[in-house]
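One file, start04.txt, carrying compact mmCIF, C-alpha atoms (C1' of nucleotides):
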```txt
# COMPACT_ATOMS: atom_id res chain seq x y z
CA MET Y 169 125.57 7.64 -76.77
CA LYS Y 170 125.72 10.88 -78.62
CA ARG Y 171 122.81 13.20 -78.04
CA THR Y 172 120.01 12.23 -80.38
CA GLY Y 173 119.90 14.38 -83.50
CA PHE Y 174 117.05 15.32 -85.81
CA SER Y 175 118.82 17.22 -88.54
CA GLU Y 176 117.57 14.69 -91.09
CA ALA Y 177 113.99 14.59 -89.85
CA ASP Y 178 111.01 14.85 -92.17
CA CYS Y 179 109.27 16.98 -89.56
CA PRO Y 180 110.28 20.64 -89.69
CA VAL Y 181 109.58 20.98 -85.97
CA ALA Y 182 112.15 18.31 -85.20
CA ARG Y 183 114.67 19.85 -87.57
CA ALA Y 184 114.13 23.32 -86.12
CA LEU Y 185 114.59 22.06 -82.58
CA ASP Y 186 117.69 20.21 -83.66
CA ALA Y 187 119.12 23.52 -84.89
CA ILE Y 188 118.07 25.96 -82.18
CA GLY Y 189 116.34 23.88 -79.52
CA ASP Y 190 119.16 23.81 -77.01
CA TRP Y 191 119.22 25.55 -73.64
CA TRP Y 192 120.74 28.82 -74.85
CA SER Y 193 120.25 29.55 -78.54
CA LEU Y 194 116.76 31.01 -78.35
CA LEU Y 195 117.70 33.16 -75.37
CA ILE Y 196 120.61 34.54 -77.34
CA VAL Y 197 118.28 35.24 -80.25
CA ARG Y 198 115.82 36.91 -77.89
CA ASP Y 199 118.60 39.16 -76.65
CA ALA Y 200 119.54 39.91 -80.23
CA PHE Y 201 115.95 41.03 -80.87
CA ASP Y 202 116.34 43.26 -77.81
CA GLY Y 203 119.27 44.93 -79.49
CA LEU Y 204 122.26 43.16 -77.92
CA ARG Y 205 125.12 42.64 -80.34
CA ARG Y 206 128.38 42.23 -78.46
CA PHE Y 207 129.89 39.09 -76.91
CA GLY Y 208 130.22 40.77 -73.54
CA ASP Y 209 126.65 42.06 -73.60
CA PHE Y 210 125.22 38.58 -74.15
CA GLN Y 211 127.53 37.16 -71.53
CA LYS Y 212 126.58 39.72 -68.91
CA ASN Y 213 122.87 39.69 -69.62
CA LEU Y 214 122.50 35.91 -69.68
CA GLY Y 215 125.06 35.01 -67.03
CA ILE Y 216 126.20 32.24 -69.38
CA ALA Y 217 129.66 30.72 -69.17
CA LYS Y 218 131.95 32.25 -71.76
CA GLY Y 219 132.86 28.90 -73.26
CA MET Y 220 129.20 28.00 -73.74
CA LEU Y 221 128.45 31.38 -75.27
CA SER Y 222 131.40 31.05 -77.60
CA THR Y 223 130.19 27.64 -78.77
CA ARG Y 224 126.61 28.80 -79.21
CA LEU Y 225 127.49 31.96 -81.10
CA ARG Y 226 129.75 29.99 -83.41
CA LYS Y 227 126.93 27.56 -84.15
CA LEU Y 228 124.39 30.34 -84.69
CA VAL Y 229 126.76 32.01 -87.16
CA GLU Y 230 127.27 28.64 -88.89
CA LEU Y 231 123.50 28.28 -89.15
CA ASP Y 232 123.28 31.79 -90.61
CA VAL Y 233 121.01 32.95 -87.79
CA LEU Y 234 123.60 35.52 -86.73
CA GLU Y 235 126.45 37.05 -88.67
CA LEU Y 236 129.63 38.82 -87.65
CA VAL Y 237 129.77 42.44 -88.74
CA PRO Y 238 132.21 45.26 -87.94
CA ALA Y 239 131.33 47.00 -84.68
CA SER Y 240 128.95 49.90 -85.17
CA ASP Y 241 131.02 52.15 -82.88
CA GLY Y 242 133.96 52.16 -85.27
CA SER Y 243 136.24 50.13 -82.99
CA ALA Y 244 138.27 47.16 -84.20
CA TYR Y 245 135.84 44.70 -82.56
CA GLN Y 246 133.05 42.78 -84.23
CA GLU Y 247 129.38 42.42 -83.44
CA TYR Y 248 126.80 39.67 -83.85
CA ALA Y 249 123.82 40.78 -85.94
CA LEU Y 250 120.61 38.96 -86.79
CA THR Y 251 120.37 37.77 -90.37
CA ARG Y 252 117.14 37.38 -92.32
CA ARG Y 253 116.98 33.81 -91.10
CA GLY Y 254 117.42 35.00 -87.54
CA ARG Y 255 114.75 37.69 -87.86
CA ASP Y 256 112.39 35.00 -89.15
CA LEU Y 257 112.53 33.47 -85.69
CA PHE Y 258 110.46 36.39 -84.42
CA PRO Y 259 107.15 34.48 -84.34
CA VAL Y 260 108.78 31.65 -82.39
CA ILE Y 261 110.07 34.04 -79.73
CA VAL Y 262 106.71 35.82 -79.61
CA GLY Y 263 104.91 32.49 -79.27
CA LEU Y 264 107.06 31.50 -76.32
CA ARG Y 265 106.59 34.94 -74.81
CA GLN Y 266 102.83 34.84 -75.06
CA TRP Y 267 102.62 31.32 -73.68
CA GLY Y 268 104.88 32.26 -70.78
CA GLU Y 269 102.87 35.38 -70.04
CA ALA Y 270 99.62 33.47 -70.06
CA HIS Y 271 100.65 30.47 -68.00
CA LEU Y 272 103.83 31.04 -66.02
CA TYR Y 273 103.12 34.16 -63.96
CA ALA Y 274 101.00 34.65 -60.92
CA ARG Y 275 98.28 37.27 -61.29
CA GLY Y 276 99.83 40.71 -60.92
CA GLU Y 277 103.38 39.36 -61.07
CA ALA Y 278 105.70 41.67 -62.96
CA HIS Y 279 107.06 40.70 -66.37
CA SER Y 280 108.40 42.44 -69.45
CA ASP Y 281 105.92 43.11 -72.20
CA LEU Y 282 105.86 43.32 -76.01
CA VAL Y 283 104.35 46.54 -77.33
CA ASP Y 284 104.02 48.29 -80.68
CA GLN Y 285 105.48 51.68 -81.45
CA THR Y 286 102.55 53.51 -79.88
CA GLY Y 287 103.13 51.57 -76.66
CA GLN Y 288 100.06 49.36 -77.11
CA PRO Y 289 100.43 45.69 -76.17
CA VAL Y 290 100.34 43.44 -79.22
CA GLY Y 291 97.58 40.91 -79.88
CA PRO Y 292 97.94 37.13 -79.80
CA LEU Y 293 99.54 35.33 -82.75
CA VAL Y 294 97.06 34.25 -85.39
CA LEU Y 295 97.34 31.29 -87.75
CA PRO Y 296 95.33 32.13 -90.87
CA SER Y 297 94.03 29.71 -93.45
CA ARG Y 298 94.78 30.46 -97.10
CA THR Y 299 91.55 32.44 -97.17
CA GLY Y 300 92.45 34.41 -94.04
CA ARG Y 301 90.19 32.64 -91.60
CA PRO Y 302 91.89 32.18 -88.18
CA LEU Y 303 92.69 28.54 -87.42
CA THR Y 304 93.05 26.73 -84.13
CA TRP Y 305 94.69 23.41 -83.38
CA SER Y 306 91.56 21.39 -84.10
CA ASP Y 307 91.18 22.99 -87.55
CA THR Y 308 94.50 21.61 -88.74
CA LYS Y 309 96.33 18.38 -89.27
CA VAL Y 310 99.77 17.32 -90.35
CA ARG Y 311 99.99 15.83 -93.80
CA LYS Y 312 102.49 13.04 -93.44
CA VAL Y 313 105.10 12.58 -96.04
CA GLY Y 314 106.19 9.18 -97.28
CA ALA Y 315 109.46 7.38 -96.64
CA ARG Y 316 111.58 7.29 -93.53
CA LYS Y 317 110.51 8.09 -90.00
CA ARG Y 318 112.03 10.76 -87.69
CA MET H 96 127.30 23.90 -61.29
CA LYS H 97 123.67 23.14 -61.65
CA ARG H 98 122.13 23.92 -64.99
CA THR H 99 121.20 27.60 -65.06
CA GLY H 100 117.52 28.15 -64.35
CA PHE H 101 115.16 30.94 -65.38
CA SER H 102 112.00 30.04 -63.53
CA GLU H 103 112.14 33.38 -61.71
CA ALA H 104 112.87 35.48 -64.78
CA ASP H 105 111.01 38.69 -65.55
CA CYS H 106 111.10 37.74 -69.22
CA PRO H 107 108.33 35.35 -70.24
CA VAL H 108 110.52 33.94 -72.99
CA ALA H 109 113.11 32.88 -70.43
CA ARG H 110 110.50 31.42 -68.14
CA ALA H 111 108.86 29.51 -70.99
CA LEU H 112 112.18 28.07 -72.11
CA ASP H 113 112.97 27.12 -68.54
CA ALA H 114 109.74 25.12 -68.46
CA ILE H 115 109.70 23.47 -71.87
CA GLY H 116 112.96 24.47 -73.54
CA ASP H 117 114.78 21.18 -73.09
CA TRP H 118 115.70 18.71 -75.81
CA TRP H 119 112.53 16.64 -75.64
CA SER H 120 109.51 18.44 -74.20
CA LEU H 121 108.42 20.26 -77.35
CA LEU H 122 108.82 17.13 -79.45
CA ILE H 123 106.58 15.26 -77.04
CA VAL H 124 104.04 18.07 -77.26
CA ARG H 125 104.28 17.99 -81.04
CA ASP H 126 103.53 14.27 -80.97
CA ALA H 127 100.61 14.94 -78.65
CA PHE H 128 99.24 17.40 -81.22
CA ASP H 129 99.62 14.63 -83.78
CA GLY H 130 97.35 12.45 -81.65
CA LEU H 131 99.83 10.32 -79.71
CA ARG H 132 98.70 9.59 -76.17
CA ARG H 133 100.39 6.44 -74.85
CA PHE H 134 103.82 6.03 -73.27
CA GLY H 135 104.80 3.39 -75.76
CA ASP H 136 103.68 5.47 -78.73
CA PHE H 137 105.85 8.40 -77.72
CA GLN H 138 108.74 6.09 -77.01
CA LYS H 139 108.52 4.36 -80.36
CA ASN H 140 107.93 7.48 -82.41
CA LEU H 141 110.70 9.55 -80.83
CA GLY H 142 113.23 6.80 -80.22
CA ILE H 143 113.80 8.37 -76.82
CA ALA H 144 115.22 6.37 -73.89
CA LYS H 145 112.44 5.20 -71.62
CA GLY H 146 113.98 6.79 -68.55
CA MET H 147 114.19 10.16 -70.28
CA LEU H 148 110.62 9.90 -71.51
CA SER H 149 109.44 8.97 -68.05
CA THR H 150 111.17 12.01 -66.54
CA ARG H 151 109.88 14.35 -69.23
CA LEU H 152 106.29 13.15 -69.07
CA ARG H 153 106.31 13.48 -65.30
CA LYS H 154 107.53 17.06 -65.61
CA LEU H 155 104.99 17.93 -68.30
CA VAL H 156 102.22 16.59 -66.09
CA GLU H 157 103.58 18.60 -63.16
CA LEU H 158 103.55 21.69 -65.36
CA ASP H 159 99.96 20.94 -66.36
CA VAL H 160 100.87 20.73 -70.03
CA LEU H 161 99.75 17.10 -70.13
CA GLU H 162 97.41 15.20 -67.82
CA LEU H 163 96.89 11.52 -67.12
CA VAL H 164 93.47 10.26 -68.15
CA PRO H 165 91.96 6.76 -68.31
CA ALA H 166 92.81 5.01 -71.57
CA SER H 167 90.23 5.68 -74.26
CA ASP H 168 90.14 1.99 -75.26
CA GLY H 169 88.66 1.00 -71.90
CA SER H 170 91.75 -0.85 -70.71
CA ALA H 171 93.23 -0.37 -67.24
CA TYR H 172 96.06 1.74 -68.64
CA GLN H 173 96.31 5.52 -68.67
CA GLU H 174 96.99 8.01 -71.42
CA TYR H 175 98.66 11.40 -71.61
CA ALA H 176 96.34 14.10 -72.93
CA LEU H 177 97.04 17.75 -73.73
CA THR H 178 95.54 20.20 -71.28
CA ARG H 179 94.39 23.71 -72.13
CA ARG H 180 97.87 24.89 -71.23
CA GLY H 181 99.35 22.31 -73.54
CA ARG H 182 97.04 23.20 -76.43
CA ASP H 183 98.09 26.83 -75.98
CA LEU H 184 101.55 25.78 -77.15
CA PHE H 185 100.13 25.35 -80.65
CA PRO H 186 101.48 28.67 -81.99
CA VAL H 187 104.95 27.84 -80.67
CA ILE H 188 104.99 24.51 -82.47
CA VAL H 189 103.64 26.11 -85.63
CA GLY H 190 106.26 28.85 -85.43
CA LEU H 191 109.04 26.30 -85.21
CA ARG H 192 107.47 24.30 -88.03
CA GLN H 193 107.24 27.27 -90.36
CA TRP H 194 110.77 28.42 -89.60
CA GLY H 195 112.08 24.92 -90.18
CA GLU H 196 110.18 24.60 -93.44
CA ALA H 197 111.46 27.92 -94.70
CA HIS H 198 115.12 27.58 -93.76
CA LEU H 199 116.13 24.00 -93.06
CA TYR H 200 115.14 22.08 -96.20
CA ALA H 201 116.73 22.01 -99.57
CA ARG H 202 114.41 22.97 -102.41
CA GLY H 203 112.17 20.05 -103.21
CA GLU H 204 113.22 18.06 -100.15
CA ALA H 205 110.31 16.18 -98.61
CA HIS H 206 108.82 17.25 -95.29
CA SER H 207 105.53 16.93 -93.48
CA ASP H 208 103.10 19.78 -93.90
CA LEU H 209 100.41 21.54 -91.84
CA VAL H 210 97.09 21.81 -93.66
CA ASP H 211 93.55 22.82 -92.78
CA GLN H 212 90.56 20.51 -93.01
CA THR H 213 90.15 21.10 -96.73
CA GLY H 214 93.76 20.03 -97.25
CA GLN H 215 94.96 23.55 -97.99
CA PRO H 216 98.35 24.54 -96.52
CA VAL H 217 97.98 27.12 -93.77
CA GLY H 218 99.32 30.67 -94.03
CA PRO H 219 102.20 32.13 -92.03
CA LEU H 220 101.64 33.17 -88.40
CA VAL H 221 100.60 36.80 -88.04
CA LEU H 222 101.22 39.09 -85.08
CA PRO H 223 98.47 41.70 -85.06
CA SER H 224 98.46 45.04 -83.28
CA ARG H 225 95.50 45.86 -81.08
CA THR H 226 93.89 47.39 -84.14
CA GLY H 227 94.56 44.30 -86.25
CA ARG H 228 97.42 45.63 -88.32
CA PRO H 229 100.10 42.94 -88.91
CA LEU H 230 103.31 43.70 -87.06
CA THR H 231 106.88 42.70 -87.83
CA TRP H 232 109.89 42.66 -85.57
CA SER H 233 110.80 46.26 -86.27
CA ASP H 234 107.31 47.46 -85.32
CA THR H 235 107.64 46.21 -81.76
CA LYS H 236 109.76 46.62 -78.67
CA VAL H 237 109.97 45.05 -75.26
CA ARG H 238 108.79 47.23 -72.43
CA LYS H 239 111.20 46.47 -69.64
CA VAL H 240 109.89 45.97 -66.19
CA GLY H 241 111.63 47.38 -63.12
CA ALA H 242 113.48 45.45 -60.43
CA ARG H 243 115.68 42.40 -60.76
CA LYS H 244 117.49 41.09 -63.79
CA ARG H 245 117.07 37.68 -65.44
C1' DG P 59 153.49 53.29 -71.58
C1' DC P 60 150.54 51.00 -68.74
C1' DA P 61 146.19 49.49 -66.80
C1' DA P 62 141.84 47.96 -67.86
C1' DC P 63 138.53 46.08 -71.16
C1' DT P 64 137.13 42.80 -74.78
C1' DG P 65 136.66 38.53 -76.66
C1' DG P 66 137.82 34.72 -76.46
C1' DT P 67 140.31 29.42 -75.19
C1' DC P 68 141.09 25.70 -72.07
C1' DC P 69 140.58 22.84 -67.94
C1' DT P 70 137.90 20.58 -64.28
C1' DA P 71 133.80 19.24 -61.62
C1' DT P 72 129.13 18.25 -62.01
C1' DT P 73 124.80 17.26 -64.37
C1' DA P 74 122.08 15.36 -68.14
C1' DT P 75 121.34 12.02 -71.75
C1' DA P 76 121.49 7.34 -74.18
C1' DA P 77 121.17 2.64 -74.04
C1' DG P 78 119.69 -1.25 -72.27
C1' DA P 79 118.84 -4.73 -68.35
C1' DC P 80 115.29 -5.65 -65.40
C1' DC P 81 110.55 -5.90 -63.32
C1' DA P 82 105.51 -5.84 -61.99
C1' DA P 83 100.91 -5.40 -63.56
C1' DA P 84 97.62 -6.13 -67.27
C1' DG P 85 95.87 -8.49 -71.36
C1' DG P 86 95.17 -12.39 -74.42
C1' DA P 87 94.92 -17.31 -76.07
C1' DA P 88 94.09 -21.96 -75.10
C1' DT K 72 93.68 -21.28 -65.08
C1' DT K 73 98.10 -21.09 -66.96
C1' DC K 74 101.47 -19.21 -69.61
C1' DC K 75 103.17 -15.87 -72.76
C1' DT K 76 103.15 -11.12 -74.46
C1' DT K 77 102.44 -6.23 -74.00
C1' DT K 78 102.65 -2.06 -71.40
C1' DG K 79 104.69 1.14 -68.60
C1' DG K 80 107.76 1.91 -66.19
C1' DT K 81 112.68 1.87 -62.79
C1' DC K 82 117.67 1.42 -62.28
C1' DT K 83 122.48 1.30 -63.69
C1' DT K 84 126.30 2.61 -66.40
C1' DA K 85 128.98 5.05 -70.00
C1' DT K 86 129.28 9.14 -72.50
C1' DA K 87 128.28 13.98 -73.62
C1' DA K 88 127.00 18.71 -72.28
C1' DT K 89 127.13 22.54 -69.01
C1' DA K 90 128.97 25.78 -65.25
C1' DG K 91 132.55 28.09 -63.37
C1' DG K 92 136.70 30.02 -63.50
C1' DA K 93 141.82 30.46 -64.69
C1' DC K 94 144.32 32.23 -68.30
C1' DC K 95 145.70 34.93 -72.47
C1' DA K 96 146.29 38.06 -76.66
C1' DG K 97 144.83 42.13 -78.88
C1' DT K 98 142.49 46.82 -78.19
C1' DT K 99 141.36 50.92 -75.89
C1' DG K 100 141.65 54.73 -72.72
C1' DC K 101 144.42 57.62 -69.96
```

Translate the structure of the given file into structure tokens.
Amino acid sequence: MKRTGFSEADCPVARALDAIGDWWSLLIVRDAFDGLRRFGDFQKNLGIAKGMLSTRLRKLVELDVLELVPASDGSAYQEYALTRRGRDLFPVIVGLRQWGEAHLYARGEAHSDLVDQTGQPVGPLVLPSRTGRPLTWSDTKVRKVGARKR
Amino acid sequence: MKRTGFSEADCPVARALDAIGDWWSLLIVRDAFDGLRRFGDFQKNLGIAKGMLSTRLRKLVELDVLELVPASDGSAYQEYALTRRGRDLFPVIVGLRQWGEAHLYARGEAHSDLVDQTGQPVGPLVLPSRTGRPLTWSDTKVRKVGARKR
DNA sequence: GCAACTGGTCCTATTATAAGACCAAAGGAA
DNA sequence: TTCCTTTGGTCTTATAATAGGACCAGTTGC
């Protein structure tokens, strides 16, 4: 009765969710994008139990989403920094953010906002075709691969 | 000791994950994008326990991500169809897919693939500024909102 | 030198998930 | 019409994950 796993799935969505689709990992990554780097900072900001955080951080380091680096303030402590693989999660976080903004807030309700360096709100994510034309859901399909299911 | 909730969060990422960030919801939505609509189809394709699926589908309908519609084959059964809100999750699914493809498969390992109607693979998601310039993580920041935390 | 801070580990109570038995309504074949 | 199968669930039970907090060693600040 182990929790169902998808680390062997043919579908990259399933494999991605298997890796980072738990209750905390993406929130930790979001905080990392916001500049948080220390164990205590994540713990305070998320209100997560320390044991949980410890487990999650260890897994994220294992996955090479975060890495341990010497603390930037010169102390003997270490910090958790986003790797290339972690930074590549940016579109996922932005996608969740934009969906949440659009559908989960009452009109006028306050929420944090993603802006560029001039302070302008960013536009919606775009999925381009090879030729640069923007695609929506109905313009695409999944090309199945042979062999085993799930 | 209830599972921590974020339905009141100021951060849209947290609120989105609170709604659909569990182990199954996004996989169900992915299957819905792939054309699955019936209880039994989801159950067979995901290998999920029926009780779990029942709970998840009920929640997704409550959230207005899916809706119950009369079966398209004219039978007395019902089907689960994506709503507008559900279709708006497309970029999130694509983001997960592209991250998974890029980082979770060995070179040459088989995986399913997202293509446009001509069969061409799609390009990577792009986050444009208001003026259309593509933005990366380091070009953006989160504008915090006042008041309460989490 | 000592108190407080940091970054954990470990234990316990509670909640969620997995697996499958069970069931009622609908559909299909004879 | 009758009986069997399919569909779409519910319910129960065992196991796994999470929340909360006690505890602890090494580091830092005073």

In Å, with one decimal, what is the gap from CA of Glu269 in chain Y to CA of Leu121 in chain H?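 These two atoms are separated by 17.7 Å.
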
Distance query DC80 in chain P at most 12 Å, only C-alpha atoms (C1' of nucleotides), self and fewer than 4 positions along chain excluded, as a list in words: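 What passes the distance filter is DG80, DT81, DC82 and DT83 of chain K.
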
Test item: chain H residues at most 6 Å from chain Y, counting all atoms listed in the file, as a ChimeraX atom specification: /H:105-108,111,186-187,190-192,195-196,206-212,217-218,220-225,234-240

With chain H held fixed, move chain Y onto it by a least-squares fit of all C-alpha atoms in order and give the output as a compact mmCIF listing (two decimals) with C-alpha atoms, in the coordinates of the input.
```
# COMPACT_ATOMS: atom_id res chain seq x y z
CA MET Y 169 127.21 23.83 -61.21
CA LYS Y 170 123.57 23.10 -61.60
CA ARG Y 171 122.12 23.91 -64.98
CA THR Y 172 121.18 27.57 -65.05
CA GLY Y 173 117.49 28.14 -64.36
CA PHE Y 174 115.15 30.93 -65.39
CA SER Y 175 111.98 30.04 -63.56
CA GLU Y 176 112.12 33.37 -61.73
CA ALA Y 177 112.89 35.49 -64.78
CA ASP Y 178 111.04 38.69 -65.56
CA CYS Y 179 111.13 37.75 -69.23
CA PRO Y 180 108.35 35.35 -70.23
CA VAL Y 181 110.55 33.93 -72.99
CA ALA Y 182 113.15 32.89 -70.44
CA ARG Y 183 110.51 31.44 -68.14
CA ALA Y 184 108.87 29.53 -70.98
CA LEU Y 185 112.19 28.08 -72.10
CA ASP Y 186 112.96 27.15 -68.53
CA ALA Y 187 109.73 25.14 -68.45
CA ILE Y 188 109.68 23.48 -71.87
CA GLY Y 189 112.93 24.46 -73.55
CA ASP Y 190 114.76 21.19 -73.07
CA TRP Y 191 115.71 18.72 -75.79
CA TRP Y 192 112.52 16.65 -75.64
CA SER Y 193 109.50 18.44 -74.21
CA LEU Y 194 108.41 20.27 -77.34
CA LEU Y 195 108.83 17.14 -79.45
CA ILE Y 196 106.60 15.28 -77.04
CA VAL Y 197 104.05 18.08 -77.26
CA ARG Y 198 104.29 18.00 -81.05
CA ASP Y 199 103.54 14.29 -80.98
CA ALA Y 200 100.63 14.96 -78.66
CA PHE Y 201 99.24 17.42 -81.23
CA ASP Y 202 99.63 14.62 -83.78
CA GLY Y 203 97.37 12.47 -81.66
CA LEU Y 204 99.85 10.32 -79.72
CA ARG Y 205 98.73 9.59 -76.18
CA ARG Y 206 100.41 6.45 -74.88
CA PHE Y 207 103.84 6.05 -73.26
CA GLY Y 208 104.84 3.41 -75.77
CA ASP Y 209 103.71 5.49 -78.73
CA PHE Y 210 105.88 8.44 -77.71
CA GLN Y 211 108.77 6.12 -76.99
CA LYS Y 212 108.57 4.38 -80.35
CA ASN Y 213 107.98 7.50 -82.40
CA LEU Y 214 110.75 9.56 -80.81
CA GLY Y 215 113.28 6.80 -80.19
CA ILE Y 216 113.82 8.37 -76.76
CA ALA Y 217 115.22 6.41 -73.85
CA LYS Y 218 112.44 5.23 -71.57
CA GLY Y 219 113.97 6.83 -68.50
CA MET Y 220 114.19 10.20 -70.24
CA LEU Y 221 110.62 9.92 -71.48
CA SER Y 222 109.43 9.00 -68.02
CA THR Y 223 111.14 12.05 -66.53
CA ARG Y 224 109.85 14.38 -69.22
CA LEU Y 225 106.27 13.16 -69.06
CA ARG Y 226 106.29 13.51 -65.29
CA LYS Y 227 107.50 17.09 -65.59
CA LEU Y 228 104.98 17.94 -68.31
CA VAL Y 229 102.17 16.59 -66.11
CA GLU Y 230 103.55 18.61 -63.17
CA LEU Y 231 103.51 21.70 -65.37
CA ASP Y 232 99.91 20.93 -66.35
CA VAL Y 233 100.84 20.73 -70.04
CA LEU Y 234 99.73 17.10 -70.14
CA GLU Y 235 97.40 15.20 -67.86
CA LEU Y 236 96.88 11.52 -67.17
CA VAL Y 237 93.46 10.25 -68.18
CA PRO Y 238 91.98 6.74 -68.35
CA ALA Y 239 92.82 5.02 -71.64
CA SER Y 240 90.25 5.68 -74.33
CA ASP Y 241 90.17 1.99 -75.33
CA GLY Y 242 88.68 0.95 -72.01
CA SER Y 243 91.80 -0.90 -70.82
CA ALA Y 244 93.28 -0.45 -67.36
CA TYR Y 245 96.12 1.72 -68.74
CA GLN Y 246 96.33 5.49 -68.73
CA GLU Y 247 96.99 8.01 -71.46
CA TYR Y 248 98.67 11.41 -71.63
CA ALA Y 249 96.34 14.11 -72.96
CA LEU Y 250 97.01 17.75 -73.74
CA THR Y 251 95.51 20.20 -71.29
CA ARG Y 252 94.38 23.72 -72.14
CA ARG Y 253 97.85 24.92 -71.24
CA GLY Y 254 99.35 22.33 -73.55
CA ARG Y 255 97.03 23.21 -76.43
CA ASP Y 256 98.09 26.84 -75.99
CA LEU Y 257 101.54 25.79 -77.14
CA PHE Y 258 100.13 25.36 -80.64
CA PRO Y 259 101.48 28.68 -81.99
CA VAL Y 260 104.95 27.84 -80.66
CA ILE Y 261 104.99 24.50 -82.46
CA VAL Y 262 103.62 26.11 -85.62
CA GLY Y 263 106.26 28.84 -85.43
CA LEU Y 264 109.04 26.28 -85.21
CA ARG Y 265 107.46 24.31 -88.03
CA GLN Y 266 107.23 27.27 -90.35
CA TRP Y 267 110.76 28.40 -89.59
CA GLY Y 268 112.08 24.90 -90.19
CA GLU Y 269 110.17 24.58 -93.45
CA ALA Y 270 111.46 27.90 -94.69
CA HIS Y 271 115.11 27.54 -93.75
CA LEU Y 272 116.12 23.96 -93.03
CA TYR Y 273 115.14 22.05 -96.17
CA ALA Y 274 116.72 21.94 -99.56
CA ARG Y 275 114.42 22.92 -102.41
CA GLY Y 276 112.16 19.99 -103.23
CA GLU Y 277 113.20 18.05 -100.14
CA ALA Y 278 110.30 16.16 -98.61
CA HIS Y 279 108.81 17.23 -95.29
CA SER Y 280 105.51 16.90 -93.47
CA ASP Y 281 103.09 19.75 -93.87
CA LEU Y 282 100.39 21.53 -91.83
CA VAL Y 283 97.06 21.78 -93.62
CA ASP Y 284 93.51 22.82 -92.76
CA GLN Y 285 90.52 20.53 -92.96
CA THR Y 286 90.10 21.10 -96.69
CA GLY Y 287 93.71 20.03 -97.22
CA GLN Y 288 94.94 23.56 -97.95
CA PRO Y 289 98.32 24.54 -96.49
CA VAL Y 290 97.96 27.12 -93.73
CA GLY Y 291 99.30 30.66 -93.99
CA PRO Y 292 102.19 32.12 -91.99
CA LEU Y 293 101.62 33.18 -88.38
CA VAL Y 294 100.58 36.79 -88.01
CA LEU Y 295 101.22 39.09 -85.06
CA PRO Y 296 98.45 41.69 -85.02
CA SER Y 297 98.48 45.02 -83.25
CA ARG Y 298 95.52 45.87 -81.02
CA THR Y 299 93.88 47.38 -84.08
CA GLY Y 300 94.53 44.29 -86.21
CA ARG Y 301 97.39 45.63 -88.27
CA PRO Y 302 100.07 42.94 -88.87
CA LEU Y 303 103.32 43.67 -87.04
CA THR Y 304 106.87 42.67 -87.81
CA TRP Y 305 109.91 42.64 -85.56
CA SER Y 306 110.82 46.25 -86.28
CA ASP Y 307 107.31 47.44 -85.32
CA THR Y 308 107.67 46.19 -81.77
CA LYS Y 309 109.80 46.58 -78.70
CA VAL Y 310 109.99 45.03 -75.28
CA ARG Y 311 108.82 47.22 -72.45
CA LYS Y 312 111.23 46.48 -69.66
CA VAL Y 313 109.94 46.00 -66.21
CA GLY Y 314 111.69 47.37 -63.15
CA ALA Y 315 113.58 45.47 -60.47
CA ARG Y 316 115.79 42.44 -60.79
CA LYS Y 317 117.51 41.17 -63.91
CA ARG Y 318 117.11 37.69 -65.49
```

Excluding range 61-74 of chain P and residues on its chain fewer than 4 positions from it, collect all residues at most 12 Å away from it, counting only C-alpha atoms (C1' of nucleotides), and give them as a PyMOL selection string. (chain Y and resi 170-171+191+206-211+217-223+225-226+243-247) or (chain H and resi 96-99+117-118+146-147+150) or (chain K and resi 86-101)

For DT77 in chain K: contacts at 10 Å, all atoms listed in the file, fewer than 3 positions along chain excluded, given as a list in words: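 My list of contacting residues is DA84, DG85 and DG86 of chain P.
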
In Å, how far is it from CA of Arg132 in chain H to CA of Arg179 in chain H?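 Between CA of Arg132 in chain H and CA of Arg179 in chain H the gap works out to 15.3 Å.
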
Measure the distance from CA of Gly169 in chain H to C1' of DT76 in chain K in Å and round it to one decimal.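 Pair CA of Gly169 in chain H / C1' of DT76 in chain K returns 19.1 Å.
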
With 8 Å on each side, where is the centre of the axis-aligned box around all listed atoms of range 235-239 of chain H, and how long are its edges in Å to one decimal, as AutoDock Vina command-line options?
```
--center_x 109.4 --center_y 46.1 --center_z -75.7 --size_x 19.6 --size_y 18.2 --size_z 28.1
```
